[in-house]
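Colleague: CSV, C-alpha atoms, file my_file_2.csv:
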```csv
chain,number,residue,atom,x,y,z
A,254,MET,CA,-88.8,-33.1,9.7
A,255,SER,CA,-87.7,-36.8,9.2
A,256,GLU,CA,-84.3,-38.0,10.2
A,257,ASP,CA,-83.8,-39.3,6.6
A,258,MET,CA,-84.5,-35.8,5.2
A,259,ASN,CA,-81.9,-34.2,7.6
A,260,GLN,CA,-79.3,-36.7,6.6
A,261,VAL,CA,-79.9,-36.0,2.9
A,262,ASP,CA,-79.6,-32.3,3.6
A,263,VAL,CA,-76.4,-32.6,5.7
A,264,ARG,CA,-74.7,-34.7,3.0
A,265,ASN,CA,-75.1,-31.8,0.6
A,266,PHE,CA,-72.5,-29.8,2.5
A,267,GLU,CA,-68.8,-30.4,2.9
A,268,ILE,CA,-66.0,-28.7,4.7
A,269,GLY,CA,-64.9,-25.7,2.5
A,270,ASP,CA,-68.3,-25.1,1.0
A,271,LYS,CA,-69.5,-21.5,0.7
A,272,VAL,CA,-73.0,-20.7,2.0
A,273,SER,CA,-75.2,-17.7,2.6
A,274,GLY,CA,-77.1,-17.2,5.8
A,275,GLN,CA,-79.1,-14.7,7.9
A,276,VAL,CA,-78.3,-14.1,11.6
A,277,THR,CA,-81.3,-15.2,13.6
A,278,LYS,CA,-79.8,-15.1,17.1
A,279,VAL,CA,-76.8,-13.5,18.6
A,280,GLU,CA,-75.5,-15.1,21.8
A,281,GLU,CA,-72.6,-14.0,23.8
A,282,LYS,CA,-70.0,-16.5,22.4
A,283,GLN,CA,-71.7,-17.7,19.2
A,284,VAL,CA,-74.2,-16.7,16.5
A,285,ILE,CA,-77.1,-18.8,15.1
A,286,VAL,CA,-77.6,-18.5,11.4
A,287,SER,CA,-80.4,-19.7,9.1
A,288,ILE,CA,-78.8,-21.3,6.0
A,289,LYS,CA,-80.4,-21.0,2.7
A,290,GLU,CA,-81.3,-24.3,1.0
A,291,SER,CA,-80.8,-26.2,4.2
A,292,LYS,CA,-82.9,-27.5,7.1
A,293,LEU,CA,-79.9,-27.3,9.4
A,294,ASP,CA,-79.0,-24.3,11.5
A,295,GLY,CA,-75.6,-22.8,11.2
A,296,ILE,CA,-73.4,-21.9,14.2
A,297,ILE,CA,-70.6,-19.4,14.0
A,298,PRO,CA,-68.3,-19.6,17.1
A,299,ILE,CA,-67.1,-16.2,18.3
A,300,SER,CA,-63.5,-17.1,17.2
A,301,GLU,CA,-64.8,-17.4,13.6
A,302,LEU,CA,-66.6,-14.0,13.5
A,303,SER,CA,-63.6,-11.7,13.1
A,304,SER,CA,-59.9,-11.7,12.4
A,305,LEU,CA,-59.6,-9.6,15.6
A,306,HIS,CA,-60.2,-10.6,19.1
A,307,ILE,CA,-63.7,-9.6,20.3
A,308,GLU,CA,-65.3,-10.0,23.7
A,309,LYS,CA,-68.8,-10.7,22.6
A,310,ALA,CA,-70.5,-11.8,19.4
A,311,SER,CA,-72.6,-8.6,19.2
A,312,ASP,CA,-69.4,-6.7,18.6
A,313,ALA,CA,-69.2,-8.2,15.1
A,314,VAL,CA,-72.8,-9.0,13.9
A,315,ALA,CA,-76.4,-8.2,14.6
A,316,GLU,CA,-79.7,-10.1,14.1
A,317,GLY,CA,-80.9,-9.9,10.5
A,318,ASP,CA,-77.4,-9.5,9.0
A,319,GLU,CA,-76.9,-11.4,5.7
A,320,LEU,CA,-73.5,-13.2,5.8
A,321,GLU,CA,-71.3,-15.1,3.4
A,322,LEU,CA,-69.8,-18.0,5.3
A,323,GLU,CA,-67.6,-21.1,4.9
A,324,VAL,CA,-68.4,-24.6,6.3
A,325,ILE,CA,-65.6,-25.6,8.6
A,326,LYS,CA,-67.3,-28.6,10.2
A,327,VAL,CA,-70.4,-30.7,9.5
A,328,GLU,CA,-72.3,-32.0,12.5
A,329,GLU,CA,-75.6,-34.0,12.7
A,330,GLU,CA,-77.6,-31.1,14.0
A,331,ALA,CA,-75.7,-28.1,12.7
A,332,LEU,CA,-73.1,-26.7,10.3
A,333,ILE,CA,-70.2,-25.0,12.0
A,334,LEU,CA,-69.4,-21.9,10.0
A,335,SER,CA,-66.7,-19.3,9.6
A,336,LYS,CA,-67.3,-15.7,8.7
A,337,ARG,CA,-63.6,-14.8,9.3
A,338,LYS,CA,-62.3,-17.2,6.6
A,339,VAL,CA,-64.6,-15.8,3.9
A,340,ASP,CA,-63.8,-12.2,4.9
A,341,ALA,CA,-60.1,-13.0,4.8
A,342,GLU,CA,-60.2,-14.7,1.4
A,343,LYS,CA,-61.9,-11.6,-0.1
A,344,ALA,CA,-59.7,-9.3,1.7
A,345,TRP,CA,-56.4,-10.9,0.6
A,346,GLU,CA,-57.4,-10.6,-3.1
A,347,LYS,CA,-58.1,-6.9,-2.6
A,348,LEU,CA,-55.1,-6.3,-0.4
A,349,GLU,CA,-52.7,-7.9,-2.9
A,350,GLU,CA,-54.0,-5.6,-5.6
A,351,THR,CA,-53.7,-2.6,-3.3
A,352,PHE,CA,-50.2,-3.6,-2.4
A,353,LYS,CA,-49.2,-4.1,-6.0
A,354,ASN,CA,-50.5,-0.6,-7.0
A,355,GLY,CA,-49.0,1.1,-3.9
A,356,GLU,CA,-52.5,2.5,-3.1
A,357,ILE,CA,-53.3,4.6,0.0
A,358,PHE,CA,-56.5,3.8,1.9
A,359,GLU,CA,-58.3,4.7,5.1
A,360,ALA,CA,-59.2,2.4,7.9
A,361,GLU,CA,-60.2,2.5,11.5
A,362,VAL,CA,-57.8,1.7,14.3
A,363,LYS,CA,-59.6,-1.2,16.1
A,364,ASP,CA,-57.2,-1.8,18.9
A,365,ILE,CA,-54.0,-0.7,20.7
A,366,VAL,CA,-51.5,-3.4,21.5
A,367,LYS,CA,-47.9,-3.6,22.8
A,368,GLY,CA,-45.8,-2.3,20.0
A,369,GLY,CA,-48.3,-0.7,17.7
A,370,LEU,CA,-51.9,-0.5,16.3
A,371,VAL,CA,-54.3,-3.1,15.0
A,372,VAL,CA,-56.6,-2.6,12.0
A,373,ASP,CA,-59.3,-4.9,10.7
A,374,LEU,CA,-59.2,-5.2,6.9
A,375,GLY,CA,-60.9,-8.5,6.7
A,376,VAL,CA,-57.5,-9.8,8.0
A,377,ARG,CA,-55.6,-8.4,10.9
A,378,GLY,CA,-53.4,-5.6,9.9
A,379,PHE,CA,-50.6,-4.5,12.2
A,380,VAL,CA,-49.0,-1.0,12.4
A,381,PRO,CA,-45.7,-1.1,14.3
A,382,ALA,CA,-45.1,1.9,16.5
A,383,SER,CA,-42.2,3.0,14.4
A,384,LEU,CA,-44.5,3.2,11.3
A,385,VAL,CA,-47.3,5.2,12.9
A,386,GLU,CA,-45.8,8.7,12.6
A,387,THR,CA,-42.6,10.4,11.5
A,388,HIS,CA,-42.0,11.5,15.1
A,389,PHE,CA,-41.9,9.5,18.3
A,390,VAL,CA,-45.3,8.9,19.9
A,391,GLU,CA,-45.3,8.0,23.6
A,392,ASP,CA,-49.0,7.1,24.1
A,393,PHE,CA,-51.2,5.6,21.3
A,394,SER,CA,-54.4,5.6,23.3
A,395,ASP,CA,-55.9,8.5,21.3
A,396,TYR,CA,-55.6,6.5,18.1
A,397,LYS,CA,-58.2,3.8,19.0
A,398,GLY,CA,-61.4,4.4,16.9
A,399,LYS,CA,-59.6,6.9,14.7
A,400,THR,CA,-59.8,6.6,10.9
A,401,ILE,CA,-56.4,7.4,9.3
A,402,ALA,CA,-54.7,6.7,6.0
A,403,PHE,CA,-52.4,3.7,5.5
A,404,LYS,CA,-50.1,2.1,3.0
A,405,ILE,CA,-49.2,-1.6,2.9
A,406,VAL,CA,-45.5,-2.1,3.4
A,407,GLU,CA,-45.4,-5.9,3.8
A,408,LEU,CA,-47.8,-8.6,2.7
A,409,ASP,CA,-47.4,-12.4,3.1
A,410,LYS,CA,-50.7,-14.4,2.7
A,411,GLU,CA,-49.1,-17.7,3.6
A,412,LYS,CA,-47.8,-16.4,6.9
A,413,ASN,CA,-51.0,-14.3,7.4
A,414,ARG,CA,-48.8,-11.3,7.8
A,415,LEU,CA,-49.9,-7.8,6.9
A,416,ILE,CA,-47.9,-4.8,7.9
A,417,LEU,CA,-49.3,-1.3,7.4
A,418,SER,CA,-47.7,2.2,7.7
A,419,HIS,CA,-49.2,5.6,8.3
A,420,ARG,CA,-45.7,7.1,8.4
A,421,ALA,CA,-45.2,6.2,4.7
A,422,VAL,CA,-48.4,8.2,3.9
A,423,VAL,CA,-47.1,11.2,5.8
A,424,GLU,CA,-43.7,11.0,4.2
A,425,ALA,CA,-45.2,10.7,0.8
A,426,GLU,CA,-47.4,13.8,1.4
A,427,LYS,CA,-44.3,15.7,2.7
A,428,GLY,CA,-42.5,14.6,-0.4
A,429,LYS,CA,-45.2,16.2,-2.6
A,430,GLN,CA,-45.2,19.4,-0.5
A,431,LYS,CA,-41.4,19.5,-0.7
A,432,LYS,CA,-41.4,19.2,-4.5
A,433,ASN,CA,-44.2,21.8,-4.9
A,434,LEU,CA,-42.2,24.1,-2.6
A,435,LEU,CA,-39.0,23.6,-4.5
A,436,ASP,CA,-40.7,24.3,-7.7
A,437,SER,CA,-42.2,27.5,-6.3
A,438,LEU,CA,-39.0,29.0,-4.9
A,439,ALA,CA,-37.3,31.7,-6.9
A,440,ILE,CA,-33.9,33.4,-6.3
A,441,GLY,CA,-34.4,36.7,-4.6
A,442,GLN,CA,-37.7,35.7,-3.0
A,443,VAL,CA,-38.2,36.7,0.6
A,444,ILE,CA,-40.3,34.3,2.8
A,445,GLU,CA,-40.8,33.5,6.4
A,446,GLY,CA,-39.4,30.4,8.0
A,447,THR,CA,-38.7,28.8,11.4
A,448,VAL,CA,-35.2,28.0,12.7
A,449,GLN,CA,-35.1,24.2,13.1
A,450,ARG,CA,-31.5,23.4,13.9
A,451,ILE,CA,-28.4,25.4,14.7
A,452,THR,CA,-24.8,24.2,13.8
A,453,ASP,CA,-21.4,25.8,14.0
A,454,PHE,CA,-21.5,26.8,10.4
A,455,GLY,CA,-25.1,28.3,10.3
A,456,ALA,CA,-28.8,27.6,10.9
A,457,PHE,CA,-31.3,25.4,9.1
A,458,VAL,CA,-34.6,27.1,8.5
A,459,ASP,CA,-37.9,25.2,7.8
A,460,LEU,CA,-39.7,26.9,4.9
A,461,GLY,CA,-42.8,24.7,5.3
A,462,GLY,CA,-41.7,21.2,4.5
A,463,ILE,CA,-38.1,21.6,3.4
A,464,ASP,CA,-35.1,23.1,5.2
A,465,GLY,CA,-32.7,25.7,3.8
A,466,LEU,CA,-29.3,26.7,5.1
A,467,VAL,CA,-28.4,30.2,6.3
A,468,HIS,CA,-24.6,30.1,6.4
A,469,ILE,CA,-23.0,32.0,9.3
A,470,SER,CA,-21.7,34.6,6.8
A,471,GLN,CA,-25.3,35.3,5.8
A,472,MET,CA,-26.7,35.9,9.3
A,473,SER,CA,-25.8,39.5,9.9
A,474,HIS,CA,-24.0,42.4,8.4
A,475,GLN,CA,-21.7,42.3,11.4
A,476,HIS,CA,-19.2,39.6,12.2
A,477,VAL,CA,-20.9,36.6,13.9
A,478,ALA,CA,-18.8,34.4,16.2
A,479,LYS,CA,-21.5,31.7,16.5
A,480,PRO,CA,-25.0,31.4,15.0
A,481,SER,CA,-26.7,31.0,18.4
A,482,ASP,CA,-25.7,34.7,19.0
A,483,VAL,CA,-28.1,35.7,16.3
A,484,VAL,CA,-31.0,33.1,16.2
A,485,GLN,CA,-32.6,30.5,18.4
A,486,GLU,CA,-34.4,27.2,17.6
A,487,GLY,CA,-38.1,27.8,17.0
A,488,GLN,CA,-37.6,31.5,16.1
A,489,LYS,CA,-39.5,32.9,13.1
A,490,VAL,CA,-37.2,34.7,10.6
A,491,ASN,CA,-37.5,36.3,7.2
A,492,VAL,CA,-35.0,34.9,4.7
A,493,LYS,CA,-34.0,35.7,1.2
A,494,VAL,CA,-33.5,32.8,-1.3
A,495,LEU,CA,-30.0,32.9,-2.7
A,496,ASN,CA,-29.9,29.7,-4.6
A,497,VAL,CA,-32.0,26.6,-5.2
A,498,ASP,CA,-30.5,23.2,-6.2
A,499,ARG,CA,-33.6,21.2,-7.0
A,500,ASP,CA,-31.7,18.0,-7.9
A,501,ASN,CA,-30.1,17.8,-4.5
A,502,GLU,CA,-32.9,19.6,-2.6
A,503,ARG,CA,-30.5,22.2,-1.3
A,504,ILE,CA,-31.5,25.8,-0.6
A,505,SER,CA,-29.2,28.6,0.3
A,506,LEU,CA,-30.8,31.4,2.3
A,507,SER,CA,-29.8,34.8,3.8
A,508,ILE,CA,-31.1,36.6,6.8
A,509,LYS,CA,-28.6,39.4,6.3
A,510,ASP,CA,-30.1,40.4,3.0
A,511,THR,CA,-33.5,41.0,4.6
A,512,LEU,CA,-32.1,43.5,7.1
A,513,PRO,CA,-31.2,47.1,6.6
A,514,GLY,CA,-27.6,47.2,5.4
A,515,PRO,CA,-24.9,49.1,7.2
A,516,TRP,CA,-24.6,51.5,4.3
A,517,THR,CA,-28.3,52.4,4.4
A,518,ASP,CA,-28.7,56.1,5.0
A,519,LEU,CA,-25.0,56.4,5.6
A,520,SER,CA,-24.8,59.8,3.9
A,521,GLU,CA,-27.1,61.1,6.7
A,522,LYS,CA,-25.0,59.4,9.5
A,523,ALA,CA,-21.7,60.4,8.0
A,524,THR,CA,-21.9,63.8,6.4
A,525,LYS,CA,-19.0,65.4,4.7
A,526,GLY,CA,-16.6,66.9,7.2
A,527,SER,CA,-17.9,64.8,10.2
A,528,VAL,CA,-15.3,63.2,12.4
A,529,PHE,CA,-15.3,59.6,13.7
A,530,THR,CA,-13.1,57.3,15.7
A,531,GLY,CA,-12.5,54.1,13.7
A,532,VAL,CA,-10.3,51.0,13.8
A,533,VAL,CA,-7.8,50.2,11.1
A,534,LYS,CA,-8.9,46.9,9.6
A,535,ARG,CA,-6.6,46.4,6.6
A,536,LEU,CA,-3.5,48.0,5.3
A,537,VAL,CA,-2.8,47.9,1.5
A,538,SER,CA,-0.2,49.5,-0.7
A,539,TYR,CA,-2.4,52.4,-1.6
A,540,GLY,CA,-3.9,53.2,1.8
A,541,ALA,CA,-5.8,51.9,4.9
A,542,PHE,CA,-9.3,50.6,5.4
A,543,VAL,CA,-10.9,52.0,8.6
A,544,GLU,CA,-14.1,50.7,10.1
A,545,VAL,CA,-16.2,53.6,11.3
A,546,PHE,CA,-19.6,51.7,11.8
A,547,PRO,CA,-20.1,48.0,12.1
A,548,GLY,CA,-19.8,46.6,8.6
A,549,VAL,CA,-18.8,50.0,7.1
A,550,GLU,CA,-15.2,50.5,6.1
A,551,GLY,CA,-13.8,53.6,4.5
A,552,LEU,CA,-10.6,54.1,2.6
A,553,VAL,CA,-7.9,56.5,3.8
A,554,HIS,CA,-5.8,56.9,0.7
A,555,ILE,CA,-2.1,56.9,1.3
A,556,SER,CA,-2.0,60.6,0.4
A,557,GLN,CA,-4.5,61.3,3.3
A,558,ILE,CA,-2.6,59.5,6.0
A,559,ALA,CA,0.1,62.1,6.8
A,560,HIS,CA,1.3,65.5,5.8
A,561,LYS,CA,4.8,64.1,5.1
A,562,HIS,CA,5.5,61.7,2.3
A,563,ILE,CA,5.3,58.0,3.2
A,564,ALA,CA,6.2,55.0,1.0
A,565,THR,CA,3.7,52.6,2.6
A,566,PRO,CA,0.9,53.0,5.2
A,567,HIS,CA,2.7,50.5,7.4
A,568,GLU,CA,5.2,53.3,8.3
A,569,VAL,CA,2.6,55.1,10.5
A,570,LEU,CA,-0.3,52.7,10.9
A,571,LYS,CA,-1.0,49.1,12.1
A,572,GLU,CA,-4.0,46.9,12.0
A,573,GLY,CA,-6.3,47.2,15.0
A,574,GLN,CA,-5.1,50.7,15.7
A,575,GLU,CA,-7.7,53.3,16.7
A,576,VAL,CA,-7.6,56.5,14.6
A,577,GLN,CA,-9.6,59.6,14.1
A,578,VAL,CA,-10.9,60.1,10.6
A,579,LYS,CA,-12.7,62.9,8.7
A,580,VAL,CA,-15.3,62.1,6.1
A,581,LEU,CA,-14.3,63.5,2.6
A,582,ASP,CA,-16.9,61.8,0.5
A,583,VAL,CA,-19.8,59.3,0.7
A,584,ASN,CA,-21.2,57.1,-2.1
A,585,GLU,CA,-24.0,54.9,-0.8
A,586,ALA,CA,-24.9,53.3,-4.1
A,587,GLU,CA,-21.3,52.1,-4.7
A,588,GLN,CA,-20.6,51.7,-1.0
A,589,ARG,CA,-17.6,53.9,-1.0
A,590,LEU,CA,-16.5,56.1,1.8
A,591,SER,CA,-13.4,58.4,1.5
A,592,LEU,CA,-11.7,59.4,4.7
A,593,SER,CA,-8.7,61.4,5.8
A,594,ILE,CA,-6.4,61.2,8.8
A,595,LYS,CA,-4.2,64.0,7.6
A,596,ASP,CA,-6.9,66.6,7.8
A,597,LEU,CA,-7.0,66.1,11.6
A,598,LEU,CA,-3.3,66.4,12.1
A,599,GLU,CA,-1.2,69.5,12.5
A,600,LYS,CA,1.3,70.1,9.8
A,601,ASP,CA,4.9,69.1,10.4
A,602,PHE,CA,6.0,72.7,10.4
A,603,GLU,CA,3.6,73.7,13.0
A,604,GLU,CA,4.6,70.7,15.2
A,605,ASN,CA,8.3,71.2,14.8
A,606,PHE,CA,8.4,75.0,14.9
A,607,ASP,CA,6.0,76.0,17.5
A,608,TYR,CA,6.7,79.7,17.0
A,609,GLU,CA,4.2,82.5,16.9
A,610,LEU,CA,5.2,85.7,15.1
A,611,PRO,CA,4.8,88.9,17.1
A,612,GLU,CA,2.2,91.3,15.9
A,613,GLU,CA,4.8,93.8,14.7
A,614,SER,CA,6.7,91.1,12.7
A,615,LYS,CA,3.9,89.9,10.5
A,616,GLY,CA,5.7,91.3,7.4
A,617,PHE,CA,8.9,89.3,8.0
A,618,GLN,CA,9.9,86.6,5.6
A,619,LEU,CA,9.8,83.0,6.7
A,620,GLY,CA,13.5,82.6,5.9
A,621,GLU,CA,14.3,85.4,8.3
A,622,VAL,CA,12.6,83.7,11.2
A,623,ILE,CA,14.4,80.4,10.5
A,624,GLY,CA,17.7,82.4,10.2
A,625,ASP,CA,17.2,83.9,13.7
A,626,LYS,CA,16.6,80.5,15.1
A,627,LEU,CA,19.8,79.1,13.5
A,628,LYS,CA,21.9,82.0,14.9
A,629,ASN,CA,20.6,81.2,18.4
A,630,LEU,CA,21.7,77.6,18.0
A,631,LYS,CA,25.3,78.7,17.1
A,632,LYS,CA,25.7,80.7,20.3
```
Just give me the structure of the file as structure tokens.

Modeller:
Amino acid sequence: MSEDMNQVDVRNFEIGDKVSGQVTKVEEKQVIVSIKESKLDGIIPISELSSLHIEKASDAVAEGDELELEVIKVEEEALILSKRKVDAEKAWEKLEETFKNGEIFEAEVKDIVKGGLVVDLGVRGFVPASLVETHFVEDFSDYKGKTIAFKIVELDKEKNRLILSHRAVVEAEKGKQKKNLLDSLAIGQVIEGTVQRITDFGAFVDLGGIDGLVHISQMSHQHVAKPSDVVQEGQKVNVKVLNVDRDNERISLSIKDTLPGPWTDLSEKATKGSVFTGVVKRLVSYGAFVEVFPGVEGLVHISQIAHKHIATPHEVLKEGQEVQVKVLDVNEAEQRLSLSIKDLLEKDFEENFDYELPEESKGFQLGEVIGDKLKNLKK
């Protein structure tokens, strides 16, 4: 090849020209390329092979690879080329379209660096640690070489800045699951959930992507002092859907309604005539409500409190007082229990006049007995 011919060929190429070439030799720190329509060899320095840092040229290309390249320097004996610049130019066009459309794509994590992950998309994409997952990750070493889904959250070609997020993909998927779950929930439905968080006023239960609240009043048929007395975080529970507010994504749940009620089988536990010790819970003008089982209160009508006439229950009873009651009637369906205190008390006459008639005096009139007692009092 004459020197004149080489000079003519070299002059045909300028910095910024695009060329095609085939890799003929891969050295440790550079690659030799045969350039079409040129007598000059092309050289790609290792720094111009990839947007990412690589240790050796063979990490990016192999002999026989066909490459699209850009001339970055023209020398007498060779063209200095860049694969990285061509890849980046193509990549930016595609990435700008992807960013504009909010598309989700998959890519391999090429490296782990301080503060996050690095992805090669023709340009260097960075995933900050806070945008990898929705939860805290202490060690990212398992992510290298893994292919996961990303979304572009920031793109600035001029500053060569490309920020990716896997967290945004996870959150978007959770959002879809949440919407589908909200749409599928129906009032009265009973489903299994997991207790996620306990507060003073109740417990939040995860239903599979969205939390619902079990208010403290809906945790048990019995009085609950604090929710942690009934459930623990991580516990699986059955809950009944009480209400669904789809606009505000609020779900009201009940554990209580999935449990056997205190009135269940009450007619078997409290048969007519049976006697129980109960506690006076409330006093009203027409009687007293007495709790005989946890969550089961029966009414002692004012007429069933004492043998003597009383104007109000407060004359003989007080809240918190223990009393013995007799079951008069049970209505499970309407959750009504009728009780009597009077039936367990002796009549006033029997209490005040503890007098037993002799066998031979059984025919006497009651007035005669009272008269005899009065005569004795006058003596």

Colleague: Quick check, in Å to one decimal: how far apart do CA of Pro515 in chain A and CA of Arg589 in chain A lie?

Modeller: 12.0 Å

Colleague: Would you mind telling me which residue in A:Arg420, A:Lys534, A:Lys343, A:His567 lies nearest to Gly551 in chain A when using all atoms listed in the file?

Modeller: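 That would be A:Lys534, the residue with the smallest distance to Gly551 in chain A.
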
Colleague: When you count all atoms listed in the file, which of these residues is closest to Leu552 in chain A: A:His468, A:Arg503, A:Lys278, A:Lys579?

Modeller: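 Nearest to Leu552 in chain A: A:Lys579.
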
Colleague: Just give me the gap between CA of Lys292 in chain A and CA of Ser311 in chain A in Å, one decimal is fine.

Modeller: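 Between CA of Lys292 in chain A and CA of Ser311 in chain A the gap works out to 24.7 Å.
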
Colleague: Can you work out which one of A:Ala456, A:Ala331, A:Ile416, A:Val569 has the shortest atom-to-atom distance to Leu374 in chain A, counting all atoms listed in the file?

Modeller: A:Ile416

Colleague: Tell me which protein, DNA and RNA residues are within 9 Å of range 297-301 of chain A, counting all atoms listed in the file, leaving out same-chain ones fewer than 6 positions away, and put them as number ranges by chain.

Modeller: A: 281-286, 307-310, 313, 322, 332-338

Colleague: Rounded to one decimal in Å, what is the spacing between CA of Asn584 in chain A and CA of Ser520 in chain A?

Modeller: 7.5 Å

Colleague: Name the closest residue to Asp498 in chain A among the candidates A:Val276, A:Ile563, A:Ile440, A:Val477; distances are taken between atoms, counting all atoms listed in the file.

Modeller: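 Once distances to Asp498 in chain A are computed over all atoms listed in the file, the minimum belongs to A:Ile440.
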
Colleague: Smallest atom-to-atom distance to Ser505 in chain A: which of A:Gly462, A:Gly526, A:Pro566, A:Gly441, using all atoms listed in the file?

Modeller: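 Counting all atoms listed in the file, the residue closest to Ser505 in chain A is A:Gly441.
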
Colleague: I want to know what sits within 6 Å of Gly398 in chain A, based on all atoms listed in the file, with residues of the same chain fewer than 2 positions away left out; could you give that as a list in words?

Modeller: Glu361, Val362 and Lys363 of chain A

Colleague: Using only C-alpha atoms, which residues sit within 12 Å of Ser394 in chain A once same-chain residues fewer than 5 positions away are excluded, as a PDB file with C-alpha atoms, in the coordinates of the input?

Modeller:
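After the write, part-v6.pdb holds the following:
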```
ATOM      1  CA  VAL A 362     -57.800   1.700  14.300  1.00  0.00           C
ATOM      2  CA  LYS A 363     -59.600  -1.200  16.100  1.00  0.00           C
ATOM      3  CA  ASP A 364     -57.200  -1.800  18.900  1.00  0.00           C
ATOM      4  CA  ILE A 365     -54.000  -0.700  20.700  1.00  0.00           C
ATOM      5  CA  VAL A 366     -51.500  -3.400  21.500  1.00  0.00           C
ATOM      6  CA  LYS A 367     -47.900  -3.600  22.800  1.00  0.00           C
ATOM      7  CA  GLY A 369     -48.300  -0.700  17.700  1.00  0.00           C
ATOM      8  CA  LEU A 370     -51.900  -0.500  16.300  1.00  0.00           C
ATOM      9  CA  LYS A 399     -59.600   6.900  14.700  1.00  0.00           C
TER      10      LYS A 399
END
```

Colleague: Taking into account all atoms listed in the file, which residue in the set A:Asn413, A:Gln449, A:Pro547, A:Lys493 is nearest to His476 in chain A?

Modeller: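 Distance minimum relative to His476 in chain A lands on A:Pro547.
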
Colleague: List as a list in words the protein and nucleic acid residues near Val545 in chain A, meaning an atom at most 8 Å away when all atoms listed in the file are counted, but skip any in the same chain fewer than 5 places from it.

Modeller: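 Selected residues are Phe529, Thr530, Gly531, Val532, Glu550 and Gly551 of chain A.
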